[in-house]
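Q: Supplied in structure tokens, the structure appears directly below.
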Amino acid sequence: MKITFPAYIFLAVLFNFISIGSAQTMTREEFLAQLKAAHPLFEKEELSAEIEENHRQSLTGDQDWNFNSSAIFSHEEPAVAIFGPERTDAFSLSGGVDRLFWRTGGFLSTSLTLNRVDLKVDPNLGIPDSYYQNQFSVSYAHPLLQNKAGFLNRLRYNLKQFDIDFAGIEALENQEEFLAESAAKFLEWVYLHEQNKIILERLKLSEEALVNARKKREANLIDEVDLLRAEDAVAIAKQNLVLSESRFKGLQAELAVLTQNNSLYELEPEYDLYKFEVLPSLEEIISDLKQKSRLIAAINTRIGQLEYSRLGFEETMEPSLSLLAQFNVKKADEGFGDALGLDKPDFIGGLQFSVPLGRRTAKYNISKTDLQIRQLEMQKEEITLSLVAALTSLYIQITDMENILELNMDQIESAKSKTVEELKLYNRGRSDLTFVIQSQDGEQNAKLNYAVNALTYHQLYLRYQALTDALLK
């Protein structure tokens, strides 16, 4: 059975409506959610803070118990042995543990030393030719001024928390920047889908006009040139549709790769391109931006780090005063077992004080830190001004674009009315087909212009969302 041209148009349009009705769609939120779940950038960025956290925890090793040991042999022959031994051979084994306590800043050290000494002496002196000497020692140093409560011991560990916070902020900012770029591609996909529908509608009108032109030509109601014009309009519409569909499919493939979701090839974007967004007042937006902007928070983090580092330099300005205590217990005997009795104690206690008289290192470090803080505060003001300026510009453009879109809607209605009137004149034989085609082209261009401006509007709104950190909480 041969399908007539009008029937072909009817089936094509019917199939298009059925496809639209049954097509599965993807919203922008679903697209971004899949992107966050599948793209390696997000896990890569999250590892930054985790790496810094592991570095921070590695610093806690300063509190570990440290074990040390040694084995030493010595041989000594004095140049002149008048009252002492002619030769001394000694073998010493020692071992101990020590630890730094961050909460107090104190340092504890313990050791056990086992010695055997062999002597070559005159037997008439009554000195044994060999003996054992063992000793156990405990010493503790506690800061009273500088590094009180272990502040300097914990300084690097505490400063590292600022690096962790900064890495987290930077990771979120990089993730949101990528989301904004990807969301912009999704918007372009939405626009191309809308463009396809507009061009397809134009093609349908051109094909209907071609059918009518053929009928009129067969009835000798129009010249051959009108038929050629109608055929040319169909050819141009088909060419535009192929180009638009090619761009649509190409971008669709890119989004499918980014989300690692091959089913996206079968989906259509679900997004109201002509919807107006509701914005708070500009004053409210600016106030919220100054309080919550990640870029400002990043600068504040670095300022906080420098301020805490300054406390460390101030701490080094304090004199060093430490309480020292050492307890030893020892014994020497000819028998190893007897030498383990350790019944000879002694104790040492006192204070150790030191202070650099000029303190120039600490003073210049403090001065440098103050300058760095001032520099960051100026940078924060600079960034704040740039953000407010950009946000103000976006706000004005978004609100003005709403007015432009309303004018576009009026333009479309006017173009539609003009097409209707041109078609009436042409059907009455009072006008040329050229004016009908021009009017239909004008109607299509008005719709495409409306779609382009709507795309621009939502691109501006997307930049506003990225600027106010609304894409990624």
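Each chain in the structure tokens gets a letter, A, B and so on, in the order shown; residues start at 1 in every chain, and ligands are counted from 1 in the order they appear.
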Please list as a VMD selection string every residue within 10 Å of A:Glu29, counting only C-alpha atoms and excluding residues in the same chain fewer than 4 positions away.

A: chain A and resid 33 to 35 183 270 to 271 471

Q: Can you tell me, as a ChimeraX atom specification, what residues are no more than 6 Å from stretch 445-455 of chain A when counting only C-alpha atoms, ignoring any on the same chain fewer than 6 positions away?

A: /A:274,408,412

Q: Just to be explicit: take each residue in the selection above, keep N, CA, C and O atoms, and write the result as a compact mmCIF listing (two decimals), in the first residue's frame.

A:
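Wrote it out as again.txt, contents follow:
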# COMPACT_ATOMS: atom_id res chain seq x y z
N TYR A 274 11.44 27.78 30.71
CA TYR A 274 10.77 29.08 30.72
C TYR A 274 10.24 29.46 32.10
O TYR A 274 9.47 30.41 32.24
N ASN A 408 9.76 38.73 24.78
CA ASN A 408 9.86 37.65 23.80
C ASN A 408 8.52 36.95 23.60
O ASN A 408 8.15 36.59 22.47
N ILE A 412 6.46 36.55 20.14
CA ILE A 412 5.98 35.28 19.57
C ILE A 412 4.51 35.37 19.19
O ILE A 412 4.09 34.93 18.11

Q: Name the residues in contact with A:Glu50 at a cut-off of 10 Å, using only C-alpha atoms, excluding same-chain residues fewer than 6 positions from it; report them as a PyMOL selection string.

A: chain A and resi 56+164+167-168

Q: For the residues selected in the previous step, produce a file with N, CA, C and O atoms as an mmCIF file, in the first residue's frame.

A:
data_model
loop_
_atom_site.group_PDB
_atom_site.id
_atom_site.type_symbol
_atom_site.label_atom_id
_atom_site.label_comp_id
_atom_site.auth_asym_id
_atom_site.auth_seq_id
_atom_site.Cartn_x
_atom_site.Cartn_y
_atom_site.Cartn_z
ATOM 1 N N ARG A 56 48.083 14.867 60.300
ATOM 2 C CA ARG A 56 47.905 15.398 61.660
ATOM 3 C C ARG A 56 48.077 14.286 62.693
ATOM 4 O O ARG A 56 48.762 14.469 63.711
ATOM 5 N N ILE A 164 43.383 20.936 57.643
ATOM 6 C CA ILE A 164 42.289 19.999 57.359
ATOM 7 C C ILE A 164 41.032 20.768 56.971
ATOM 8 O O ILE A 164 40.357 20.433 55.993
ATOM 9 N N ALA A 167 41.482 22.305 53.531
ATOM 10 C CA ALA A 167 41.386 21.287 52.476
ATOM 11 C C ALA A 167 39.936 20.891 52.233
ATOM 12 O O ALA A 167 39.530 20.654 51.091
ATOM 13 N N GLY A 168 39.135 20.823 53.314
ATOM 14 C CA GLY A 168 37.721 20.496 53.159
ATOM 15 C C GLY A 168 36.973 21.576 52.391
ATOM 16 O O GLY A 168 36.154 21.274 51.516
#

Q: Find the residue from A:Tyr457, A:Trp102, A:Phe136, A:Phe178 that sits nearest to A:Leu41; use only C-alpha atoms when measuring.

A: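 Checking each candidate against A:Leu41, we get A:Phe178 as the closest.
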
Q: Per DSSP on the backbone, filter stretch 247-279 of chain A down to the residues in alpha helix (DSSP H) and report them as a list of chain:residue names.

A: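 Assigned to alpha helix (DSSP H), within stretch 247-279 of chain A: A:Arg247, A:Phe248, A:Lys249, A:Gly250, A:Leu251, A:Gln252, A:Ala253, A:Glu254, A:Leu255, A:Ala256, A:Val257, A:Leu258, A:Thr259.
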
Q: Got a sec: who's within 9 Å of stretch 415-424 of chain A, counting only C-alpha atoms, leaving out chain neighbours fewer than 3 positions off, as a PDB file with N, CA, C and O atoms, in the first residue's frame?

A:
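The resulting selection-v4.pdb:
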ATOM      1  N   ASP A 410       5.576  38.264  23.972  1.00  0.00           N
ATOM      2  CA  ASP A 410       4.743  39.160  23.163  1.00  0.00           C
ATOM      3  C   ASP A 410       5.149  39.093  21.689  1.00  0.00           C
ATOM      4  O   ASP A 410       4.291  39.121  20.792  1.00  0.00           O
ATOM      5  N   GLN A 411       6.456  39.007  21.470  1.00  0.00           N
ATOM      6  CA  GLN A 411       6.955  38.935  20.096  1.00  0.00           C
ATOM      7  C   GLN A 411       6.470  37.661  19.412  1.00  0.00           C
ATOM      8  O   GLN A 411       6.110  37.676  18.227  1.00  0.00           O
ATOM      9  N   ILE A 412       6.457  36.546  20.140  1.00  0.00           N
ATOM     10  CA  ILE A 412       5.984  35.279  19.574  1.00  0.00           C
ATOM     11  C   ILE A 412       4.511  35.371  19.194  1.00  0.00           C
ATOM     12  O   ILE A 412       4.092  34.930  18.112  1.00  0.00           O
ATOM     13  N   ASN A 427      -3.893  32.537   0.726  1.00  0.00           N
ATOM     14  CA  ASN A 427      -4.963  31.629   0.296  1.00  0.00           C
ATOM     15  C   ASN A 427      -6.017  32.352  -0.544  1.00  0.00           C
ATOM     16  O   ASN A 427      -6.714  31.737  -1.355  1.00  0.00           O
ATOM     17  N   ARG A 428      -6.139  33.676  -0.333  1.00  0.00           N
ATOM     18  CA  ARG A 428      -7.085  34.463  -1.139  1.00  0.00           C
ATOM     19  C   ARG A 428      -6.469  34.950  -2.451  1.00  0.00           C
ATOM     20  O   ARG A 428      -7.115  35.639  -3.234  1.00  0.00           O
ATOM     21  N   GLY A 429      -5.186  34.612  -2.618  1.00  0.00           N
ATOM     22  CA  GLY A 429      -4.515  35.027  -3.837  1.00  0.00           C
ATOM     23  C   GLY A 429      -4.087  36.462  -3.828  1.00  0.00           C
ATOM     24  O   GLY A 429      -3.786  37.039  -4.887  1.00  0.00           O
ATOM     25  N   ARG A 430      -4.034  37.070  -2.655  1.00  0.00           N
ATOM     26  CA  ARG A 430      -3.707  38.497  -2.563  1.00  0.00           C
ATOM     27  C   ARG A 430      -2.262  38.734  -2.089  1.00  0.00           C
ATOM     28  O   ARG A 430      -1.858  39.866  -1.848  1.00  0.00           O
ATOM     29  N   SER A 431      -1.499  37.632  -1.897  1.00  0.00           N
ATOM     30  CA  SER A 431      -0.122  37.779  -1.413  1.00  0.00           C
ATOM     31  C   SER A 431       0.734  36.671  -2.009  1.00  0.00           C
ATOM     32  O   SER A 431       0.212  35.719  -2.601  1.00  0.00           O
ATOM     33  N   ASP A 432       2.001  36.811  -1.822  1.00  0.00           N
ATOM     34  CA  ASP A 432       2.958  35.854  -2.369  1.00  0.00           C
ATOM     35  C   ASP A 432       3.360  34.848  -1.296  1.00  0.00           C
ATOM     36  O   ASP A 432       3.389  35.172  -0.093  1.00  0.00           O
ATOM     37  N   LEU A 433       3.704  33.622  -1.717  1.00  0.00           N
ATOM     38  CA  LEU A 433       4.135  32.592  -0.761  1.00  0.00           C
ATOM     39  C   LEU A 433       5.397  33.010  -0.014  1.00  0.00           C
ATOM     40  O   LEU A 433       5.635  32.608   1.127  1.00  0.00           O
ATOM     41  N   PHE A 435       6.070  35.751   1.390  1.00  0.00           N
ATOM     42  CA  PHE A 435       5.734  36.452   2.636  1.00  0.00           C
ATOM     43  C   PHE A 435       5.247  35.484   3.708  1.00  0.00           C
ATOM     44  O   PHE A 435       5.483  35.693   4.905  1.00  0.00           O
ATOM     45  N   VAL A 436       4.587  34.407   3.306  1.00  0.00           N
ATOM     46  CA  VAL A 436       4.156  33.375   4.267  1.00  0.00           C
ATOM     47  C   VAL A 436       5.369  32.681   4.859  1.00  0.00           C
ATOM     48  O   VAL A 436       5.472  32.482   6.079  1.00  0.00           O
ATOM     49  N   ILE A 437       6.296  32.296   3.968  1.00  0.00           N
ATOM     50  CA  ILE A 437       7.512  31.615   4.445  1.00  0.00           C
ATOM     51  C   ILE A 437       8.316  32.536   5.353  1.00  0.00           C
ATOM     52  O   ILE A 437       8.806  32.120   6.421  1.00  0.00           O
ATOM     53  N   GLN A 438       8.439  33.794   4.980  1.00  0.00           N
ATOM     54  CA  GLN A 438       9.170  34.754   5.816  1.00  0.00           C
ATOM     55  C   GLN A 438       8.497  34.925   7.171  1.00  0.00           C
ATOM     56  O   GLN A 438       9.167  35.034   8.205  1.00  0.00           O
ATOM     57  N   SER A 439       7.187  34.931   7.161  1.00  0.00           N
ATOM     58  CA  SER A 439       6.466  35.081   8.420  1.00  0.00           C
ATOM     59  C   SER A 439       6.636  33.856   9.302  1.00  0.00           C
ATOM     60  O   SER A 439       6.814  33.964  10.523  1.00  0.00           O
ATOM     61  N   GLN A 440       6.596  32.661   8.679  1.00  0.00           N
ATOM     62  CA  GLN A 440       6.816  31.428   9.448  1.00  0.00           C
ATOM     63  C   GLN A 440       8.242  31.377   9.982  1.00  0.00           C
ATOM     64  O   GLN A 440       8.474  30.946  11.114  1.00  0.00           O
ATOM     65  N   GLY A 442      10.014  33.981  10.685  1.00  0.00           N
ATOM     66  CA  GLY A 442      10.041  34.975  11.761  1.00  0.00           C
ATOM     67  C   GLY A 442       9.455  34.425  13.047  1.00  0.00           C
ATOM     68  O   GLY A 442       9.965  34.700  14.145  1.00  0.00           O
ATOM     69  N   GLU A 443       8.391  33.614  12.917  1.00  0.00           N
ATOM     70  CA  GLU A 443       7.791  32.991  14.101  1.00  0.00           C
ATOM     71  C   GLU A 443       8.759  31.995  14.741  1.00  0.00           C
ATOM     72  O   GLU A 443       8.929  31.958  15.964  1.00  0.00           O
ATOM     73  N   GLN A 444       9.429  31.206  13.878  1.00  0.00           N
ATOM     74  CA  GLN A 444      10.414  30.261  14.399  1.00  0.00           C
ATOM     75  C   GLN A 444      11.564  30.997  15.072  1.00  0.00           C
ATOM     76  O   GLN A 444      12.019  30.618  16.157  1.00  0.00           O
ATOM     77  N   ALA A 446      11.534  33.883  16.442  1.00  0.00           N
ATOM     78  CA  ALA A 446      11.068  34.460  17.704  1.00  0.00           C
ATOM     79  C   ALA A 446      11.075  33.410  18.807  1.00  0.00           C
ATOM     80  O   ALA A 446      11.471  33.685  19.952  1.00  0.00           O
TER      81      ALA A 446
END

Q: Please identify which residues in stretch 201-332 of chain A DSSP calls strand (DSSP E) from the backbone, and express them as an NGL selection string.

A: :A and (267-270 or 320-332)

Q: Could you give me, as a list in words, the residues within 9 Å of A:Ile286, counting only C-alpha atoms and dropping anything in the same chain fewer than 6 positions from it?

A: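 Answer for this query is Leu387, Val388, Leu391 and Thr392 of chain A.
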
Q: Go ahead and write the residues just picked, all heavy atoms, as a short mmCIF file (atom, residue, chain, number, x, y, z; two decimals), in the first residue's frame.

A:
data_model
loop_
_atom_site.label_atom_id
_atom_site.label_comp_id
_atom_site.auth_asym_id
_atom_site.auth_seq_id
_atom_site.Cartn_x
_atom_site.Cartn_y
_atom_site.Cartn_z
N LEU A 387 33.05 39.48 45.10
CA LEU A 387 31.86 38.63 45.18
C LEU A 387 30.59 39.47 45.16
O LEU A 387 29.62 39.14 44.46
CB LEU A 387 31.91 37.77 46.45
CG LEU A 387 32.94 36.64 46.48
CD1 LEU A 387 32.95 35.97 47.86
CD2 LEU A 387 32.65 35.60 45.40
N VAL A 388 30.59 40.55 45.94
CA VAL A 388 29.40 41.41 45.99
C VAL A 388 29.16 42.06 44.63
O VAL A 388 28.02 42.15 44.16
CB VAL A 388 29.57 42.49 47.09
CG1 VAL A 388 28.45 43.52 46.99
CG2 VAL A 388 29.56 41.83 48.47
N LEU A 391 27.84 39.38 42.30
CA LEU A 391 26.48 39.01 42.68
C LEU A 391 25.48 40.10 42.31
O LEU A 391 24.38 39.82 41.81
CB LEU A 391 26.43 38.74 44.19
CG LEU A 391 25.15 38.11 44.74
CD1 LEU A 391 24.87 36.78 44.05
CD2 LEU A 391 25.28 37.90 46.23
N THR A 392 25.87 41.36 42.52
CA THR A 392 25.00 42.48 42.15
C THR A 392 24.75 42.50 40.65
O THR A 392 23.61 42.70 40.18
CB THR A 392 25.62 43.81 42.60
OG1 THR A 392 25.86 43.77 44.02
CG2 THR A 392 24.69 44.97 42.28
#

Q: What does the structure give for the distance between atom CA of A:Ile285 and atom CA of A:Ala49, in Å to one decimal?

A: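 Computing the Euclidean distance for atom CA of A:Ile285 and atom CA of A:Ala49 yields 29.2 Å.
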
Q: What's around A:Leu32 at 10 Å? Count only C-alpha atoms, leave out sequence neighbours fewer than 3 positions away in its own chain, and write the answer as a PyMOL selection string.

A: chain A and resi 27-29+35-38+179-180+182-183+186+259+471-472

Q: For atom CA of A:Ser246 and atom CA of A:Glu30, determine how far apart the two atoms are, in Å to one decimal place.

A: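 If I compute the distance from atom CA of A:Ser246 to atom CA of A:Glu30, I get 23.8 Å.
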
Q: Go through A:Gln379, A:Gln195, A:Ser94, A:Ser322 one by one, measure the shortest atom-to-atom distance of each to A:Phe107 using only C-alpha atoms, and give the residue with the smallest value.

A: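 Nearest candidate to A:Phe107 out of A:Gln379, A:Gln195, A:Ser94, A:Ser322: A:Ser322.
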
Q: Mind giving me the straight-line distance from atom CA of A:Leu145 to atom CA of A:Phe67 in Å, one decimal?

A: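 Going from atom CA of A:Leu145 over to atom CA of A:Phe67, I get 28.5 Å.
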
Q: Please list as a VMD selection string every residue within 12 Å of stretch 365-378 of chain A, counting only C-alpha atoms and excluding residues in the same chain fewer than 5 positions away.

A: chain A and resid 296 to 317 359 to 360 383 to 385

Q: I need the residues from that last selection saved to file as a CSV table (one decimal), in the first residue's frame (with N, CA and C atoms), if you can.

A:
chain,number,residue,atom,x,y,z
A,296,ILE,N,35.4,33.2,51.5
A,296,ILE,CA,35.6,34.0,52.7
A,296,ILE,C,36.0,33.1,53.8
A,297,ALA,N,35.3,32.0,53.9
A,297,ALA,CA,35.6,31.0,55.0
A,297,ALA,C,37.0,30.5,54.9
A,298,ALA,N,37.5,30.3,53.6
A,298,ALA,CA,38.9,29.8,53.4
A,298,ALA,C,39.9,30.8,53.9
A,299,ILE,N,39.7,32.1,53.6
A,299,ILE,CA,40.6,33.1,54.1
A,299,ILE,C,40.5,33.2,55.6
A,300,ASN,N,39.3,33.1,56.2
A,300,ASN,CA,39.2,33.2,57.7
A,300,ASN,C,40.0,32.0,58.3
A,301,THR,N,40.0,30.9,57.7
A,301,THR,CA,40.7,29.7,58.2
A,301,THR,C,42.2,30.0,58.2
A,302,ARG,N,42.7,30.6,57.2
A,302,ARG,CA,44.1,30.9,57.2
A,302,ARG,C,44.5,32.0,58.2
A,303,ILE,N,43.6,32.9,58.4
A,303,ILE,CA,43.8,34.0,59.4
A,303,ILE,C,43.8,33.3,60.8
A,304,GLY,N,42.9,32.4,61.0
A,304,GLY,CA,42.8,31.7,62.3
A,304,GLY,C,44.1,30.9,62.5
A,305,GLN,N,44.6,30.3,61.5
A,305,GLN,CA,45.9,29.6,61.6
A,305,GLN,C,47.0,30.4,62.0
A,306,LEU,N,47.1,31.6,61.3
A,306,LEU,CA,48.2,32.5,61.7
A,306,LEU,C,48.1,33.1,63.1
A,307,GLU,N,46.8,33.4,63.5
A,307,GLU,CA,46.6,33.9,64.8
A,307,GLU,C,47.0,32.8,65.9
A,308,TYR,N,46.8,31.6,65.6
A,308,TYR,CA,47.2,30.5,66.5
A,308,TYR,C,48.7,30.3,66.5
A,309,SER,N,49.2,30.4,65.3
A,309,SER,CA,50.7,30.3,65.2
A,309,SER,C,51.4,31.5,66.0
A,310,ARG,N,50.7,32.7,66.0
A,310,ARG,CA,51.3,33.8,66.7
A,310,ARG,C,51.3,33.5,68.2
A,311,LEU,N,50.4,32.8,68.7
A,311,LEU,CA,50.4,32.4,70.1
A,311,LEU,C,51.6,31.6,70.4
A,312,GLY,N,52.0,30.7,69.5
A,312,GLY,CA,53.2,29.9,69.6
A,312,GLY,C,54.5,30.8,69.7
A,313,PHE,N,54.5,31.8,68.9
A,313,PHE,CA,55.7,32.7,69.0
A,313,PHE,C,55.7,33.5,70.3
A,314,GLU,N,54.5,33.9,70.7
A,314,GLU,CA,54.4,34.6,72.0
A,314,GLU,C,54.9,33.7,73.1
A,315,GLU,N,54.6,32.4,73.0
A,315,GLU,CA,55.0,31.4,74.0
A,315,GLU,C,56.5,31.3,74.1
A,316,THR,N,57.2,31.4,73.0
A,316,THR,CA,58.6,31.3,73.0
A,316,THR,C,59.3,32.6,73.6
A,317,MET,N,58.5,33.7,73.7
A,317,MET,CA,59.0,34.9,74.4
A,317,MET,C,59.1,34.7,75.9
A,359,ARG,N,65.6,38.1,72.4
A,359,ARG,CA,64.4,37.5,71.9
A,359,ARG,C,64.0,38.0,70.5
A,360,ARG,N,65.0,38.3,69.7
A,360,ARG,CA,64.8,38.9,68.4
A,360,ARG,C,64.1,37.9,67.4
A,383,ILE,N,38.3,40.0,48.1
A,383,ILE,CA,37.4,38.9,47.6
A,383,ILE,C,35.9,39.3,47.9
A,384,THR,N,35.7,39.9,49.0
A,384,THR,CA,34.3,40.2,49.4
A,384,THR,C,33.7,41.2,48.4
A,385,LEU,N,34.6,42.2,48.1
A,385,LEU,CA,34.1,43.3,47.1
A,385,LEU,C,33.8,42.6,45.7

Q: Using only C-alpha atoms, find the one residue out of A:Leu460, A:Ile404, A:Leu112, A:Ala71 that sits nearest to A:Lys331.

A: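 Once distances to A:Lys331 are computed over only C-alpha atoms, the minimum belongs to A:Leu112.
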
Q: Counting only C-alpha atoms, which of A:Leu59, A:Leu323, A:Leu108, A:Leu203 gets nearest to A:Arg156?

A: A:Leu59

Q: Tell me which of A:Ser109, A:Asn153, A:Val225, A:Trp189 sits closest to A:Ala253, counting only C-alpha atoms.

A: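 Checking each candidate against A:Ala253, we get A:Trp189 as the closest.
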